[in-house]
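Visitor: Right, I'll just put the structure down here and ask away after.
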Amino acid sequence: MTSSEKSGPIDAASLADAEEGMSSQRNLTRWQKLLLFLLGLTYTSFHLLVLNVIPMETWAFRIVHVAGALVIGFAIVAACVPPADPRKRRWVLELLPMVLTVGLALYALVAMAIAMYMKLRLGHDTYSLPEWIFHTFSWALLASVVLGIVFAWMFKPRSDRIGWYDWSLMAGSISVCAYLLFNLDVLQFRMGVMPAQTDFWVATAGILLILELTRRVAGMALVVIAGIFILYGFVGPWLPGVLEHSGYDADRFITYIYTDNGILGPTTAVSSTYIVLFIAFAAFLQASKVGDYFVNFAFAAAGRARGGPAKVAVFASGLMGMINGTSAGNVVATGSLTIPLMKRVGYKPRSAGAIEAAASTGGQIMPPVMGAGAFIMAEVTGIPYTDLIIAALIPALLYFASVYFMVDMEAAKTGMKGLPSKDLPQIGKLLRQVYLFAPIIILIGALFMGYSVIRAGTVALMSAVVVSWLTPFRLGLFGSARALELAARMSIQLIAVCACAGIIVGVIGLTGVGLRFSSLLLGVAENSQLLALLFAMCISVLLGMGMPTTAAYAVAASVVAPGLIQMGVAPLVAHFFVFYFAVMSAITPPVALAAYAGAAIAGSEPMRTSVTAFKVGLAAFIVPFIFFYHPALLMEGEWTEIAQSFATAMVGVFMLAGAAQGWFFGAAGWPVRVLLFAGALMAISGDLLTDLLGLGLAVVLFLWQRRMAKGKPPEPAVDA
C-alpha cells in the first residue's frame, strides 16, 4: 500500500463495488443497464417523496414497495450462477416454454390493464367487471409465476441480459401489485375473513415471488424456515403438545398471510420506511466517499498499534455495520480490506475472518442506526426510538471494548506489530477533514432535538450531499441519481428478507404458536428464571441461524419476547434480550453467516472460524443476562448506579477477554483463566458486592502476574 494525495492509501472505493456485487450478478447490455438505473432511481425517489412530501395510503405504499423490490430484484439477480455460454444455448428447447410462460404473463398484464381502464375511465368497480377478467387472470398469473420459477432453474441465463423467465416474474410482480391496488378497499375489509378464490391465487403467486427472490438474494435457509412455518399452518392438527392447533383452510391461510398481519405487517412497514431511508443514507455516504473517510480515520487512529488492522476492523466495521443492515454484507464490504491486512501483520486466517465477523455483527447493535433492528423494535413495542438508542449505548460499548481487548491480547500474545507509518493515512490531514463526520453528528443531533426518525434521516442524507461539496467527490445531479439507484440495489436483500419474515410472523400470529411458547417459557420460569432465560436464548439463536439479522429479530420477537414479558420483564429489557441473541446468531455455530463470509475471504475453514468468532464475541452472550437482572446497563436507574455498573462492567469485559485469550499482563494458565472468567462475571453483574469482589480478584491476579513475570527472560514471539 502506498500513499495517495487524493483519497489516502486505504482506497475503499471497492466498498461500493463489493456491496453492489452482492446484489448484481449480471453484466447487462447498455439499454438494460439504463432501464435498471431508471427503475432504481424511481424506486428510491418514490420512497423519499412519500415519506417526506406526498403521503400515501399505508397498504398501497407497502404493496408498491414490495412489488418494486421484486421487479428490481428479478432484474439484477440471476437464478442460476454461473450463466451459460451463449454458444451452448439450445434455443429450440426454450422456444415452447418461453412462448407459454411469457404469453401467460402478458395475458395477466393485459387483463389487469383492461380492469384498470374500466375502473378509471368507465367507473366500474370490482363487482361490475366481467367475471372472466379476474377469473382467468388469476390462473394465468399463477401459472406464469410457477413456470417462470421452474424454468429459471432449468435454463441458465446469459450474463449479458435478463432471462425471459425473469421478465415473466417481473410481469407477475406488477400484476400482483395491480390486482391488490385495484381491489384495495374490498381486500382491506375481506382478506383473511371471507376470501375470494381469486384473492387466494393472487396471494399464492405473491408469496411464491417473495420466496423465490429471497432464495436468490439471501439463500435457502430463510426460505426453508418460511416453508416449514407455512407447512405448520396445515399440519398443526396432527402435531403433539404445544405445537398443536386446529388447522386452517388454504383460502383463509394464504390470504391472511398477504395482509398487514403478515407480509404487509410490521417487518414490511420498517423496510418501506426506515430501511430504505437509511440505506439511501449509506449509499450517499459511499458515493461521496465519506464512508471511505470512516475507514481511513480508523486506520490512522489504530493502524500503528500492535495488531493495528484488527483494531481498524473493530472501528470501521462498527461504523459501517450500523448503517449496512446485514452482518454478512458488512463482512464482504469492509473485510475485503481489513482481512488481508490482518493476515499481513500476523493474524491467522481463522482469527482474521472471525474478528471481522464479530466486529461486523456488532455493528447491528451500535446506535444510532443499529442495522435497522431498532426500527423494528420501536414499531413492535411502541417505545420511542430515542429511548432505544440511549438504552443500547452501554451494551454496544461493552461489546466493542471486549472485541478490542480480545484483538489486543492476541496481538500481545503473539508479538505482532502494527503497520508502518508510510502505509497509513496522515492523521493530521484527516483531522482537517473531520467535518466529514457531520452527517452522523447531524443524524444524532436531529433525533435528540425531537425530529422524527424519517425527518432526521432525510436531513442527514441531505447533509451528506452538502458535505460532499467540500471534497473532490462532489455529488452533482448525476452523482445523486447514481446514489439513489445504488440505494435501490443495496436495499433489495433486506426488503425481500423482511417480506419473507412477514410470512413467518403471520403464521405465528394466525396459529398462536407464539403464545404457546410464551406459556411454555412461563412454566419453565416457575422452576428457575435462569433456566427460562437460557431457554429463551437458545430459541432466539436457533430462530436466527441462517437468517439475516433483521429477519432473525423480527421472528424471535414474535416467539420469545411475549413470554419474557409475561414473566414480568419490562418490554424494553425483554426485546433487547431477544435482539442481542438474534443478532449474535450470525456468529454462533453451527450456522454462522457472518463467520462463513469472513472465512471465505480469509481462506480459512468455516466451522473453526465460526467457533473463533463466537469466542471473540463472547461478551454479547453474557451482557444480556446481566441487564436482565440489573437494567442499569440499559440506562435504567440512578446515574450513580449506571456509572458504577458501566465502570465495573468495563473491567469485567477486560477480564473476560483475558480468560478467552489466555493473556492477562502476560501468559495466563488455565487456573488463572478460570479465575479471570469468574471475576469477569462478578464485575459485570452490576451488584455492588459482586462488583467489589470482581475488582478485588482482578487486582490480585494482576499482582500475581507481575510477580510471576519478574526474573523470567522475555519470551520469544509466537509465530502466528
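Ordered as shown in the C-alpha cells, chains take letters A, B, and onward, while each chain numbers its residues from 1 and ligands are numbered from 1 in the order shown.
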Quick one: residues within 7 Å of region 372-387 of chain A, only C-alpha atoms, excluding same-chain residues fewer than 4 positions away - as a ChimeraX atom specification?

Guide: /A:266-267,270,274-275,325,391,447-448,550

Visitor: Once you have the residues from the selection above, write them out as a compact mmCIF listing (two decimals), in the first residue's frame, restricted to N, CA, C and O atoms.

Guide:
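Output file part_24.txt follows:
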# COMPACT_ATOMS: atom_id res chain seq x y z
N PRO A 266 -45.57 -5.42 10.27
CA PRO A 266 -44.51 -4.57 10.84
C PRO A 266 -43.17 -4.68 10.12
O PRO A 266 -42.47 -3.67 9.98
N THR A 267 -42.79 -5.88 9.67
CA THR A 267 -41.48 -6.00 9.03
C THR A 267 -41.42 -5.22 7.72
O THR A 267 -40.44 -4.54 7.43
N VAL A 270 -41.32 -1.46 8.37
CA VAL A 270 -39.98 -0.96 8.67
C VAL A 270 -39.13 -0.88 7.40
O VAL A 270 -38.43 0.10 7.16
N TYR A 274 -37.88 3.04 7.24
CA TYR A 274 -36.56 3.27 7.82
C TYR A 274 -35.44 2.60 7.03
O TYR A 274 -34.37 3.20 6.82
N ILE A 275 -35.65 1.36 6.60
CA ILE A 275 -34.57 0.64 5.93
C ILE A 275 -34.20 1.31 4.61
O ILE A 275 -33.02 1.56 4.33
N GLY A 325 -26.96 -2.89 7.71
CA GLY A 325 -28.19 -3.66 7.85
C GLY A 325 -28.03 -5.16 7.72
O GLY A 325 -28.98 -5.89 7.94
N ALA A 391 -30.68 3.36 25.44
CA ALA A 391 -30.55 2.10 26.17
C ALA A 391 -29.49 1.20 25.54
O ALA A 391 -28.82 0.43 26.25
N LEU A 447 -32.21 13.62 15.97
CA LEU A 447 -33.03 12.69 16.74
C LEU A 447 -33.29 13.22 18.14
O LEU A 447 -34.43 13.18 18.64
N PHE A 448 -32.24 13.74 18.78
CA PHE A 448 -32.40 14.19 20.15
C PHE A 448 -33.00 15.60 20.24
O PHE A 448 -33.35 16.05 21.33
N THR A 550 -31.99 -8.74 10.63
CA THR A 550 -33.27 -8.05 10.71
C THR A 550 -34.42 -9.05 10.81
O THR A 550 -35.30 -8.93 11.66

Visitor: Env of Ser518 (chain A): 7 Å cut, atoms = only C-alpha atoms, seq-sep filter 2 positions within chain, self excluded. Answer as a list in words.

Guide: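 Residues near the query, excluding close chain neighbours: Gly514, Leu515, Arg516, Leu520, Leu521, Leu522, Val560, Pro562 and Gly563 of chain A.
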
Visitor: DSSP on the backbone: what in region 545-661 of chain A comes out helix (DSSP H, G or I), as number ranges by chain?

Guide: A: 549-559, 561-566, 571-587, 593-602, 606-616, 618-621, 623-629, 631-634, 639-661

Visitor: So, counting only C-alpha atoms, which residue among A:Ala226, A:Ala78, A:Val314, A:Leu36 is closest to Val497 (chain A)?

Guide: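 Once distances to Val497 (chain A) are computed over only C-alpha atoms, the minimum belongs to A:Ala226.
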
Visitor: Counting only C-alpha atoms, which residues of region 246-357 of chain A fall within 10 Å of region 393-406 of chain A, and what is the closest atom pair for each with its distance in Å at one decimal, ordered by chain and rising number, as CSV?

Guide:
residue,atom,partner,partner_atom,distance
A:Ala310,CA,A:Tyr404,CA,8.3
A:Lys311,CA,A:Tyr404,CA,6.3
A:Val312,CA,A:Tyr404,CA,9.5
A:Ala313,CA,A:Tyr404,CA,9.5
A:Val314,CA,A:Tyr404,CA,6.7
A:Phe315,CA,A:Phe400,CA,8.3
A:Gly318,CA,A:Phe400,CA,8.1
A:Ile355,CA,A:Val403,CA,7.7

Visitor: Give me, as number ranges by chain, all polymer residues having an atom no more than 12 Å from Lys417 (chain A), counting only C-alpha atoms and skipping those fewer than 4 positions away in the same chain.

Guide: A: 302-311, 341-347, 408, 410-413, 421, 717, 720

Visitor: Could you save the residues just selected, with C-alpha atoms, as a JSON list (two decimals), in the first residue's frame?

Guide:
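Ended up saving to part-v5.json:
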[["chain", "number", "residue", "atom", "x", "y", "z"],
["A", 302, "ALA", "CA", -5.27, 2.43, 15.24],
["A", 303, "GLY", "CA", -3.13, 1.22, 12.35],
["A", 304, "ARG", "CA", 0.21, 1.76, 14.14],
["A", 305, "ALA", "CA", -0.82, -0.13, 17.27],
["A", 306, "ARG", "CA", 0.04, -3.80, 17.66],
["A", 307, "GLY", "CA", -2.41, -5.80, 15.61],
["A", 308, "GLY", "CA", -3.45, -2.50, 14.03],
["A", 309, "PRO", "CA", -5.55, -3.83, 11.10],
["A", 310, "ALA", "CA", -7.65, -5.90, 13.51],
["A", 311, "LYS", "CA", -8.33, -2.82, 15.62],
["A", 341, "LEU", "CA", -4.10, -6.65, 6.25],
["A", 342, "MET", "CA", -4.73, -8.65, 9.44],
["A", 343, "LYS", "CA", -3.08, -11.67, 7.83],
["A", 344, "ARG", "CA", -0.21, -9.47, 6.73],
["A", 345, "VAL", "CA", 0.71, -8.42, 10.30],
["A", 346, "GLY", "CA", 0.48, -11.97, 11.66],
["A", 347, "TYR", "CA", -3.11, -12.97, 12.45],
["A", 408, "ASP", "CA", -5.10, -6.52, 21.57],
["A", 410, "GLU", "CA", -3.98, -11.86, 20.83],
["A", 411, "ALA", "CA", -1.57, -9.36, 19.28],
["A", 412, "ALA", "CA", 0.39, -9.11, 22.54],
["A", 413, "LYS", "CA", 0.47, -12.88, 22.99],
["A", 421, "SER", "CA", 3.52, 4.82, 9.19],
["A", 717, "ALA", "CA", 7.06, -14.09, 19.96],
["A", 720, "ALA", "CA", 1.17, -16.79, 14.01]]

Visitor: Smallest atom-to-atom distance to Phe297 (chain A): which of A:Ala140, A:Leu436, A:Val674, A:Leu703, using only C-alpha atoms?

Guide: A:Leu436

Visitor: Please list as a PyMOL selection string every residue within 12 Å of Val224 (chain A), counting only C-alpha atoms and excluding residues in the same chain fewer than 3 positions away.

Guide: chain A and resi 211-212+214-215+218-221+227-231+500-501+503-504+543+545-547

Visitor: Could you name the residues that touch Trp59 (chain A) at 9 Å or less, counting only C-alpha atoms, but leaving out those on the same chain fewer than 3 positions away, as a PyMOL selection string?

Guide: chain A and resi 56+62-64+181+184+188+259-260+264

Visitor: Find the distance between CA of Ala333 (chain A) and CA of Ala496 (chain A) and write it in Å to one decimal.

Guide: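 Between CA of Ala333 (chain A) and CA of Ala496 (chain A) the gap works out to 19.9 Å.
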
Visitor: Tell me which of A:Ala552, A:Glu244, A:Gly329, A:Gln286 sits closest to Arg482 (chain A), counting only C-alpha atoms.

Guide: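 Looking at the shortest contact to Arg482 (chain A), the residue is A:Gln286.
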
Visitor: What lies within 12 Å of Ala438 (chain A) using only C-alpha atoms, ignoring chain neighbours under 3 positions off, as a VMD selection string?

Guide: chain A and resid 285 290 to 291 293 to 294 433 to 435 441 to 446 459 to 468 470

Visitor: Store the residues of this selection in a file with N, CA, C and O atoms, as an mmCIF file, in the first residue's frame.

Guide:
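Written out: part-v4.cif:
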data_model
loop_
_atom_site.group_PDB
_atom_site.id
_atom_site.type_symbol
_atom_site.label_atom_id
_atom_site.label_comp_id
_atom_site.auth_asym_id
_atom_site.auth_seq_id
_atom_site.Cartn_x
_atom_site.Cartn_y
_atom_site.Cartn_z
ATOM 1 N N LEU A 285 -23.320 8.230 1.507
ATOM 2 C CA LEU A 285 -22.013 8.265 2.166
ATOM 3 C C LEU A 285 -20.961 7.566 1.304
ATOM 4 O O LEU A 285 -19.810 8.013 1.209
ATOM 5 N N VAL A 290 -17.517 9.636 1.791
ATOM 6 C CA VAL A 290 -17.490 9.883 3.232
ATOM 7 C C VAL A 290 -17.318 8.564 3.972
ATOM 8 O O VAL A 290 -16.649 8.493 5.003
ATOM 9 N N GLY A 291 -17.900 7.483 3.440
ATOM 10 C CA GLY A 291 -17.697 6.171 4.054
ATOM 11 C C GLY A 291 -16.239 5.761 4.032
ATOM 12 O O GLY A 291 -15.739 5.135 4.970
ATOM 13 N N TYR A 293 -13.806 7.770 4.336
ATOM 14 C CA TYR A 293 -13.161 8.558 5.391
ATOM 15 C C TYR A 293 -13.240 7.832 6.729
ATOM 16 O O TYR A 293 -12.291 7.852 7.516
ATOM 17 N N PHE A 294 -14.382 7.170 6.991
ATOM 18 C CA PHE A 294 -14.502 6.401 8.232
ATOM 19 C C PHE A 294 -13.409 5.339 8.316
ATOM 20 O O PHE A 294 -12.765 5.164 9.359
ATOM 21 N N GLN A 433 -10.159 17.135 7.940
ATOM 22 C CA GLN A 433 -11.396 16.768 7.244
ATOM 23 C C GLN A 433 -12.432 16.177 8.199
ATOM 24 O O GLN A 433 -13.334 15.469 7.762
ATOM 25 N N VAL A 434 -12.316 16.508 9.478
ATOM 26 C CA VAL A 434 -13.206 15.909 10.465
ATOM 27 C C VAL A 434 -14.662 16.311 10.223
ATOM 28 O O VAL A 434 -15.587 15.667 10.724
ATOM 29 N N TYR A 435 -14.868 17.378 9.444
ATOM 30 C CA TYR A 435 -16.236 17.785 9.114
ATOM 31 C C TYR A 435 -16.985 16.694 8.354
ATOM 32 O O TYR A 435 -18.213 16.738 8.234
ATOM 33 N N ILE A 441 -23.207 13.116 12.933
ATOM 34 C CA ILE A 441 -23.483 14.026 14.060
ATOM 35 C C ILE A 441 -24.843 14.701 13.879
ATOM 36 O O ILE A 441 -25.623 14.828 14.837
ATOM 37 N N ILE A 442 -25.147 15.113 12.646
ATOM 38 C CA ILE A 442 -26.444 15.742 12.379
ATOM 39 C C ILE A 442 -27.580 14.758 12.611
ATOM 40 O O ILE A 442 -28.633 15.119 13.157
ATOM 41 N N LEU A 443 -27.383 13.502 12.209
ATOM 42 C CA LEU A 443 -28.405 12.478 12.440
ATOM 43 C C LEU A 443 -28.701 12.335 13.929
ATOM 44 O O LEU A 443 -29.865 12.376 14.356
ATOM 45 N N ILE A 444 -27.657 12.185 14.727
ATOM 46 C CA ILE A 444 -27.852 12.018 16.168
ATOM 47 C C ILE A 444 -28.472 13.277 16.774
ATOM 48 O O ILE A 444 -29.410 13.207 17.584
ATOM 49 N N GLY A 445 -27.952 14.443 16.369
ATOM 50 C CA GLY A 445 -28.483 15.689 16.908
ATOM 51 C C GLY A 445 -29.950 15.888 16.567
ATOM 52 O O GLY A 445 -30.746 16.304 17.423
ATOM 53 N N ALA A 446 -30.326 15.590 15.327
ATOM 54 C CA ALA A 446 -31.724 15.765 14.922
ATOM 55 C C ALA A 446 -32.654 14.847 15.706
ATOM 56 O O ALA A 446 -33.771 15.244 16.079
ATOM 57 N N VAL A 459 -32.702 14.622 6.726
ATOM 58 C CA VAL A 459 -31.782 15.744 6.936
ATOM 59 C C VAL A 459 -30.335 15.252 6.877
ATOM 60 O O VAL A 459 -29.463 15.905 6.274
ATOM 61 N N ALA A 460 -30.056 14.093 7.486
ATOM 62 C CA ALA A 460 -28.701 13.540 7.445
ATOM 63 C C ALA A 460 -28.300 13.188 6.020
ATOM 64 O O ALA A 460 -27.151 13.405 5.608
ATOM 65 N N LEU A 461 -29.243 12.641 5.248
ATOM 66 C CA LEU A 461 -28.956 12.316 3.848
ATOM 67 C C LEU A 461 -28.612 13.582 3.065
ATOM 68 O O LEU A 461 -27.641 13.611 2.290
ATOM 69 N N MET A 462 -29.382 14.639 3.269
ATOM 70 C CA MET A 462 -29.112 15.897 2.576
ATOM 71 C C MET A 462 -27.765 16.476 3.011
ATOM 72 O O MET A 462 -27.030 17.047 2.201
ATOM 73 N N SER A 463 -27.432 16.306 4.283
ATOM 74 C CA SER A 463 -26.147 16.829 4.763
ATOM 75 C C SER A 463 -24.982 16.076 4.119
ATOM 76 O O SER A 463 -23.910 16.649 3.909
ATOM 77 N N ALA A 464 -25.183 14.777 3.811
ATOM 78 C CA ALA A 464 -24.122 14.021 3.132
ATOM 79 C C ALA A 464 -23.850 14.607 1.746
ATOM 80 O O ALA A 464 -22.703 14.648 1.292
ATOM 81 N N VAL A 465 -24.903 15.064 1.072
ATOM 82 C CA VAL A 465 -24.720 15.702 -0.233
ATOM 83 C C VAL A 465 -23.957 17.017 -0.077
ATOM 84 O O VAL A 465 -23.011 17.302 -0.824
ATOM 85 N N VAL A 466 -24.359 17.809 0.924
ATOM 86 C CA VAL A 466 -23.708 19.103 1.132
ATOM 87 C C VAL A 466 -22.241 18.919 1.505
ATOM 88 O O VAL A 466 -21.348 19.605 0.980
ATOM 89 N N VAL A 467 -21.968 17.954 2.400
ATOM 90 C CA VAL A 467 -20.590 17.713 2.826
ATOM 91 C C VAL A 467 -19.733 17.263 1.650
ATOM 92 O O VAL A 467 -18.546 17.604 1.560
ATOM 93 N N SER A 468 -20.327 16.522 0.731
ATOM 94 C CA SER A 468 -19.544 16.051 -0.428
ATOM 95 C C SER A 468 -19.016 17.210 -1.259
ATOM 96 O O SER A 468 -18.018 17.071 -1.972
ATOM 97 N N LEU A 470 -17.509 19.645 -0.227
ATOM 98 C CA LEU A 470 -16.240 20.086 0.345
ATOM 99 C C LEU A 470 -15.122 19.090 0.065
ATOM 100 O O LEU A 470 -14.030 19.221 0.610
#

Visitor: Which residues, written as number ranges by chain, have at least one atom at most 9 Å from Gly506 (chain A), with only C-alpha atoms counted and residues fewer than 6 positions away on the same chain left out?

Guide: A: 256-263, 265

Visitor: As an exercise, work out the distance from CA of Ile279 (chain A) to CA of Ala487 (chain A) in Å and give it to one decimal place.

Guide: 5.8 Å

Visitor: Just to confirm, what's the straight-line distance from CA of Asp687 (chain A) to CA of His630 (chain A) in Å (one decimal)?

Guide: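 So the answer is 7.7 Å.
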